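Asker: Before we start, here is the structure in question, set down as structure tokens.
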Amino acid sequence: MNDTLLDDFERPLRELCTDDSLRAIEAGASTDALWHAIDALGYTDALVPEEQGGAGLSLRELFALVFATGKAGLGLPFGETAVARALLAAAGHGERHGAGPIAIAPGIPGDAGAIVCRDVPGGALAQQVLVSWQGEWLLLPRERAAATPGAWRPQASATLQWHTPDLAVARFDAGAADAVALCNALHAAGMAGAMARVLELVTDYARDRKQFGRPIAQFQAVQQELSVLAEQAHSATLAARLGCSAVGMRPDPLLAATAKLRACEAARSVCAIAHAVFGAIGITEEHVLGLYTRRLHEWRAAPGTETQCARLLGQALLAQPDGLFDFVRLRLSAPALA
Amino acid sequence: MNTLQSFSLVAIPPEDEALRAPVRAFLQSALHGVPPAVRARSWMGFDADFSRALGRQGWIGLTLPTAYGGAGRSSFARFVLLEELLAAGAPVSAHWIADRQTAPLILRYGTEAQRAFFVPRIARGELFTSIGMSEPDTGSDLASVRSRAVPTATGWRLNGRKIWTTNAHRAHYMCTLVRTSGMPEDRHKGLSQLLVDMALPGVTVRPIRDLSGDGHFCEVLFEDVELPADALVGEEGAGWQQVTAELAFERSGPERIYSSLVLAEAWLAELRQSAAPAASVQVIAGRIAARMAVLRAMSLAVAEQLGRGLDPAFEASLVKDLGTEFEQAIPGWIEEAFDAPGHPVPSVGLLQTLAYVTQLAPSFSLRGGTRQIMRGIIARGLGVR
């Protein structure tokens, strides 16, 4: 785990992602300049092998960066792009280096041979989407898709539909790759980051905001709520670490599901408490809190959802001969680092 | 505070993981045929013979120094041992408190004579202890204890009353927190820890039955109990600091996650009999697994910090609150699963286990400090208190 990477990335990221710029993007402003600035930080090729011009990091190390993008509120699919570039480079499509943001999504069959990617976070801002489709990865240009605006972030996210897989500009064998597992791991990391930011916003507010003559943080009832929020945020962070604990770039599907499930459960509680503490100001457009809670809700609804993850884990647990404890110990634990 | 740094991913080193197989083999033979409703008692289950057998294996005082009869192993070895004991539902309560709290306390604060006397006996499973913290008007507010020991020519004279003292009627010694100077208004000042030989004149123990019919809590009366000078552990008046350090060890271990594990395992074993569990049942099983996996990872992270001599009071409180919440949720989830279409009819043994765990579940979040107290500690860690 290389958290020292974080500082060099987090600081400029925070400067790029001001409340105003985040809000403008949600409202449909161009993201080209922002993406170029983020790309220029040099981390988008973090997972690409060194001999191909990347940093050769693992998903385990990417975690800290994805967490930071979540915390900064970045609406572009940074983690997805880093993984997609590495997958493309490994398959000999490394020449796409430098292209815009790439989303990742599982493809489901639509009408008349179409491919549908449902509820893609940042799907309206991505230039391309790497879609897992019948044993292959397809790199599909977003501009060729019919888009339905996302329910949570209509200008940023979308359900995308391509009328034929032939629109792919690159396609390669997917092997064991699993877009749902990748999204689960990456989205859980982004969600954990967003929840860390919500925790900061809420604790700062509770210290500043006075009622009945003293800061509301001094009320025991408020302290208890903040503690629960913190518990959930911390728990989601470690869960996301677990989801990204792969030494390569492909997450373990069960660990990724664990991460996403836990992040979703935590997000429900975090959003509810945060808005309760902020009172009415938190649900106004002028306040930044809503940008984060909206993202969290969108991630919760993206594939795989909380229930889908729980079901995947339950099926795996019931399909094997060991008990719960051994299943958790053997299948849902962090792999030891050599 | 940096959210990223609080918990790191930790894997159990192979040499400690290797302890699992012999412990499991021992437990399989020792607990053969014990029904789940009995095994579900685990850390409330008292069996002196079992504890002595465990001591003969060298599995009490696993992390204590070999010079005092311990095994000198790491905190991870202990984590593995505790996991196996709790997963099997072993009756650990006879030696549990002495092993977990009293022996480390005496090693850290005690005199050489106290170490030489107590620790080897504890490690052999021959000397059991209880912890006398609570009093009739003192639950989480330990600073308000009123039991008092006054100095005498030969040691201390103790008067007072303790309550909720687990296994006081079966323990050889009680490690009590009492006032040795000042008044209750002095709060943290003037408290001390004393080791009370439970066979001394003036000690009266009255077990309190719980609602499942077990008797492990006790009320204890001290009436002019004459204690020798070396009953004092550590410094006179420093009891509060000593107790606070002790509690971090108590709050984060696997025992804060696995209290309902025997029930969950018994349920899953019966569920496997049905060909295709309903989706809703799969979801419940998956939720339990994911919750447990993350809590286990958090608990391991705290064990690693404790092993490095750090003081993860914030993290330990987090694990305890989340862990006991999880333990308390399990019976309800399982009950919900029973009514799903196609769910096999639960056996009488499973229903008894469910009934036991459901009724005892409120205690999960009480022992070691209530949920609200844990959240108070977390709030302080967040800087809002």
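By convention in this document, the chains of the structure tokens carry letters A, B, ... by their order, each chain's residues are numbered from 1, and ligands are numbered from 1 in the order they are shown.
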For a quick test of understanding: name the residues of chain B lying within 6 Å of chain A when counting only C-alpha atoms, and present them as a list in words.

Answerer: Ala11, Gln282, Val283, Ala285, Gly286, Arg287, Ala290, Ala293, Val294, Leu318, Arg375, Ile378, Ala379 and Val384 of chain B

Asker: Find the spatial neighbours of A:His275, counting only C-alpha atoms, within a cut-off of 10 Å - ignore same-chain residues fewer than 3 positions away - and output them as a PDB file with all heavy atoms, in the first residue's frame.

Answerer:
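Writing done, so here's selection_20.pdb:
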ATOM      1  N   VAL A 198     -17.546  13.804   3.175  1.00  0.00           N
ATOM      2  CA  VAL A 198     -18.791  14.135   3.881  1.00  0.00           C
ATOM      3  C   VAL A 198     -18.527  14.202   5.385  1.00  0.00           C
ATOM      4  O   VAL A 198     -18.991  15.116   6.075  1.00  0.00           O
ATOM      5  CB  VAL A 198     -19.911  13.117   3.549  1.00  0.00           C
ATOM      6  CG1 VAL A 198     -21.123  13.329   4.447  1.00  0.00           C
ATOM      7  CG2 VAL A 198     -20.304  13.219   2.079  1.00  0.00           C
ATOM      8  N   VAL A 202     -19.210  17.502   7.564  1.00  0.00           N
ATOM      9  CA  VAL A 202     -20.179  17.469   8.664  1.00  0.00           C
ATOM     10  C   VAL A 202     -19.509  17.834   9.985  1.00  0.00           C
ATOM     11  O   VAL A 202     -20.075  18.597  10.776  1.00  0.00           O
ATOM     12  CB  VAL A 202     -20.869  16.092   8.746  1.00  0.00           C
ATOM     13  CG1 VAL A 202     -21.799  16.027   9.941  1.00  0.00           C
ATOM     14  CG2 VAL A 202     -21.645  15.810   7.473  1.00  0.00           C
ATOM     15  N   VAL A 270     -24.628   7.289   5.926  1.00  0.00           N
ATOM     16  CA  VAL A 270     -23.841   8.520   5.873  1.00  0.00           C
ATOM     17  C   VAL A 270     -24.662   9.672   5.274  1.00  0.00           C
ATOM     18  O   VAL A 270     -24.674  10.787   5.811  1.00  0.00           O
ATOM     19  CB  VAL A 270     -22.545   8.279   5.054  1.00  0.00           C
ATOM     20  CG1 VAL A 270     -21.903   9.590   4.610  1.00  0.00           C
ATOM     21  CG2 VAL A 270     -21.551   7.447   5.877  1.00  0.00           C
ATOM     22  N   CYS A 271     -25.359   9.409   4.185  1.00  0.00           N
ATOM     23  CA  CYS A 271     -26.150  10.464   3.546  1.00  0.00           C
ATOM     24  C   CYS A 271     -27.259  10.941   4.482  1.00  0.00           C
ATOM     25  O   CYS A 271     -27.504  12.152   4.606  1.00  0.00           O
ATOM     26  CB  CYS A 271     -26.770   9.961   2.232  1.00  0.00           C
ATOM     27  SG  CYS A 271     -25.548   9.647   0.945  1.00  0.00           S
ATOM     28  N   ALA A 272     -27.913   9.999   5.130  1.00  0.00           N
ATOM     29  CA  ALA A 272     -29.027  10.368   6.005  1.00  0.00           C
ATOM     30  C   ALA A 272     -28.531  11.224   7.174  1.00  0.00           C
ATOM     31  O   ALA A 272     -29.118  12.268   7.488  1.00  0.00           O
ATOM     32  CB  ALA A 272     -29.728   9.110   6.523  1.00  0.00           C
ATOM     33  N   PHE A 278     -26.843  18.813   8.812  1.00  0.00           N
ATOM     34  CA  PHE A 278     -26.809  20.093   8.102  1.00  0.00           C
ATOM     35  C   PHE A 278     -28.148  20.817   8.105  1.00  0.00           C
ATOM     36  O   PHE A 278     -28.193  22.022   7.856  1.00  0.00           O
ATOM     37  CB  PHE A 278     -26.354  19.882   6.648  1.00  0.00           C
ATOM     38  CG  PHE A 278     -24.867  20.016   6.465  1.00  0.00           C
ATOM     39  CD1 PHE A 278     -24.059  18.907   6.393  1.00  0.00           C
ATOM     40  CD2 PHE A 278     -24.281  21.271   6.375  1.00  0.00           C
ATOM     41  CE1 PHE A 278     -22.685  19.034   6.226  1.00  0.00           C
ATOM     42  CE2 PHE A 278     -22.909  21.411   6.212  1.00  0.00           C
ATOM     43  CZ  PHE A 278     -22.110  20.281   6.131  1.00  0.00           C
ATOM     44  N   GLY A 279     -29.217  20.081   8.343  1.00  0.00           N
ATOM     45  CA  GLY A 279     -30.517  20.729   8.282  1.00  0.00           C
ATOM     46  C   GLY A 279     -30.823  21.142   6.858  1.00  0.00           C
ATOM     47  O   GLY A 279     -30.262  20.611   5.903  1.00  0.00           O
ATOM     48  N   ALA A 280     -31.661  22.153   6.702  1.00  0.00           N
ATOM     49  CA  ALA A 280     -32.147  22.515   5.377  1.00  0.00           C
ATOM     50  C   ALA A 280     -31.044  23.009   4.442  1.00  0.00           C
ATOM     51  O   ALA A 280     -31.112  22.808   3.228  1.00  0.00           O
ATOM     52  CB  ALA A 280     -33.234  23.585   5.500  1.00  0.00           C
ATOM     53  N   ILE A 281     -29.978  23.610   5.002  1.00  0.00           N
ATOM     54  CA  ILE A 281     -28.938  24.175   4.141  1.00  0.00           C
ATOM     55  C   ILE A 281     -28.296  23.082   3.265  1.00  0.00           C
ATOM     56  O   ILE A 281     -27.907  23.337   2.120  1.00  0.00           O
ATOM     57  CB  ILE A 281     -27.864  24.920   4.990  1.00  0.00           C
ATOM     58  CG1 ILE A 281     -26.891  25.701   4.112  1.00  0.00           C
ATOM     59  CG2 ILE A 281     -27.059  23.970   5.863  1.00  0.00           C
ATOM     60  CD1 ILE A 281     -27.460  26.999   3.600  1.00  0.00           C
ATOM     61  N   GLY A 282     -28.254  21.865   3.775  1.00  0.00           N
ATOM     62  CA  GLY A 282     -27.606  20.762   3.049  1.00  0.00           C
ATOM     63  C   GLY A 282     -28.328  20.358   1.783  1.00  0.00           C
ATOM     64  O   GLY A 282     -27.717  19.776   0.881  1.00  0.00           O
ATOM     65  N   ILE A 283     -29.629  20.635   1.713  1.00  0.00           N
ATOM     66  CA  ILE A 283     -30.342  20.248   0.497  1.00  0.00           C
ATOM     67  C   ILE A 283     -30.552  21.427  -0.445  1.00  0.00           C
ATOM     68  O   ILE A 283     -31.300  21.343  -1.413  1.00  0.00           O
ATOM     69  CB  ILE A 283     -31.692  19.543   0.790  1.00  0.00           C
ATOM     70  CG1 ILE A 283     -32.601  20.397   1.652  1.00  0.00           C
ATOM     71  CG2 ILE A 283     -31.482  18.183   1.438  1.00  0.00           C
ATOM     72  CD1 ILE A 283     -34.025  19.862   1.717  1.00  0.00           C
ATOM     73  N   LEU A 289     -22.647  19.831  -0.111  1.00  0.00           N
ATOM     74  CA  LEU A 289     -22.971  18.493   0.393  1.00  0.00           C
ATOM     75  C   LEU A 289     -23.726  17.644  -0.620  1.00  0.00           C
ATOM     76  O   LEU A 289     -23.434  16.460  -0.817  1.00  0.00           O
ATOM     77  CB  LEU A 289     -23.796  18.605   1.696  1.00  0.00           C
ATOM     78  CG  LEU A 289     -24.247  17.277   2.307  1.00  0.00           C
ATOM     79  CD1 LEU A 289     -23.054  16.478   2.834  1.00  0.00           C
ATOM     80  CD2 LEU A 289     -25.262  17.495   3.423  1.00  0.00           C
ATOM     81  N   GLY A 290     -24.696  18.288  -1.270  1.00  0.00           N
ATOM     82  CA  GLY A 290     -25.537  17.557  -2.214  1.00  0.00           C
ATOM     83  C   GLY A 290     -24.764  16.941  -3.366  1.00  0.00           C
ATOM     84  O   GLY A 290     -25.138  15.884  -3.888  1.00  0.00           O
ATOM     85  N   THR A 293     -23.572  13.624  -1.778  1.00  0.00           N
ATOM     86  CA  THR A 293     -24.594  12.618  -1.475  1.00  0.00           C
ATOM     87  C   THR A 293     -25.254  12.126  -2.765  1.00  0.00           C
ATOM     88  O   THR A 293     -25.605  10.957  -2.883  1.00  0.00           O
ATOM     89  CB  THR A 293     -25.639  13.154  -0.473  1.00  0.00           C
ATOM     90  OG1 THR A 293     -26.202  14.355  -0.978  1.00  0.00           O
ATOM     91  CG2 THR A 293     -24.994  13.417   0.875  1.00  0.00           C
TER      92      THR A 293
END

Asker: So which one's closest to A:Arg85, A:Asp111, A:Leu65, A:Gln128, A:Thr44? Using only C-alpha atoms, please.

Answerer: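 Looking only at the distances to A:Arg85, the closest residue turns out to be A:Thr44.
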
Asker: Write out as a list in words which residues come within 10 Å of B:Arg148 when counting only C-alpha atoms, dropping same-chain ones fewer than 6 positions away.

Answerer: Trp156, Arg157, Leu158, Asn159, Gly160, Arg161, Leu177, Val178, Arg179, Thr180, Ser181, Gly182, Met183, Gly190, Leu191, Ser192 and Phe222 of chain B

Asker: Using only C-alpha atoms, find each residue of stretch 291-373 of chain B with at least one atom at most 8 Å away from an atom of stretch 130-140 of chain B; report its shortest atom-to-atom pair and that distance in Å (one decimal), sort the rows by chain and rising residue number, and return the result as CSV.

Answerer:
residue,atom,partner,partner_atom,distance
B:Gly369,CA,B:Ser140,CA,6.0
B:Thr370,CA,B:Ser140,CA,7.0
B:Ile373,CA,B:Ser140,CA,7.3

Asker: Take the residues that were just selected and, keeping N, CA, C and O atoms, output them as a CSV table (one decimal), in the first residue's frame.

Answerer:
chain,number,residue,atom,x,y,z
B,369,GLY,N,-18.3,-1.8,27.9
B,369,GLY,CA,-18.6,-0.3,27.6
B,369,GLY,C,-19.8,-0.2,26.7
B,369,GLY,O,-19.7,-0.9,25.6
B,370,THR,N,-20.8,0.5,27.0
B,370,THR,CA,-22.0,0.6,26.2
B,370,THR,C,-21.7,1.3,24.8
B,370,THR,O,-20.7,2.0,24.7
B,373,ILE,N,-21.2,5.0,25.0
B,373,ILE,CA,-19.9,5.4,25.6
B,373,ILE,C,-18.8,5.2,24.4
B,373,ILE,O,-18.0,6.1,24.3

Asker: Could you give me, as JSON, numbers by chain, each residue of stretch 10-89 of chain A that DSSP assigns to helix (DSSP H, G or I) when run on this structure's backbone?

Answerer: {"A": [10, 11, 12, 13, 14, 15, 16, 19, 20, 21, 22, 23, 24, 25, 26, 32, 33, 34, 35, 36, 37, 38, 39, 40, 50, 51, 52, 59, 60, 61, 62, 63, 64, 65, 66, 67, 68, 69, 70, 71, 72, 78, 79, 80, 81, 82, 83, 84, 85, 86, 87, 88, 89]}

Asker: As a ChimeraX atom specification, please: the residues near B:Ser6 (cut-off 10 Å, only C-alpha atoms, same-chain neighbours under 4 positions excluded).

Answerer: /A:234,237-238 /B:1-2,298,301-302,305,312,314-315

Asker: For A:Asp19, which of A:Leu62, A:Ala189, A:Leu74, A:Val129 is the closest residue, counting only C-alpha atoms?

Answerer: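 Answer, going by the shortest atom-to-atom distance: A:Leu74.
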
Asker: Name the residues in contact with A:Glu26 at a cut-off of 7 Å, using only C-alpha atoms, excluding same-chain residues fewer than 3 positions from it; report them as JSON, numbers by chain.

Answerer: {"A": [22, 23, 153, 155, 156]}

Asker: How would the residues just chosen look if you wrote them out with C-alpha atoms as an mmCIF file, in the first residue's frame?

Answerer:
data_model
loop_
_atom_site.group_PDB
_atom_site.id
_atom_site.type_symbol
_atom_site.label_atom_id
_atom_site.label_comp_id
_atom_site.auth_asym_id
_atom_site.auth_seq_id
_atom_site.Cartn_x
_atom_site.Cartn_y
_atom_site.Cartn_z
ATOM 1 C CA LEU A 22 -17.768 20.586 -9.733
ATOM 2 C CA ARG A 23 -21.114 22.320 -9.860
ATOM 3 C CA ARG A 153 -26.712 13.346 -12.643
ATOM 4 C CA GLN A 155 -25.485 15.918 -17.500
ATOM 5 C CA ALA A 156 -22.743 13.635 -16.258
#
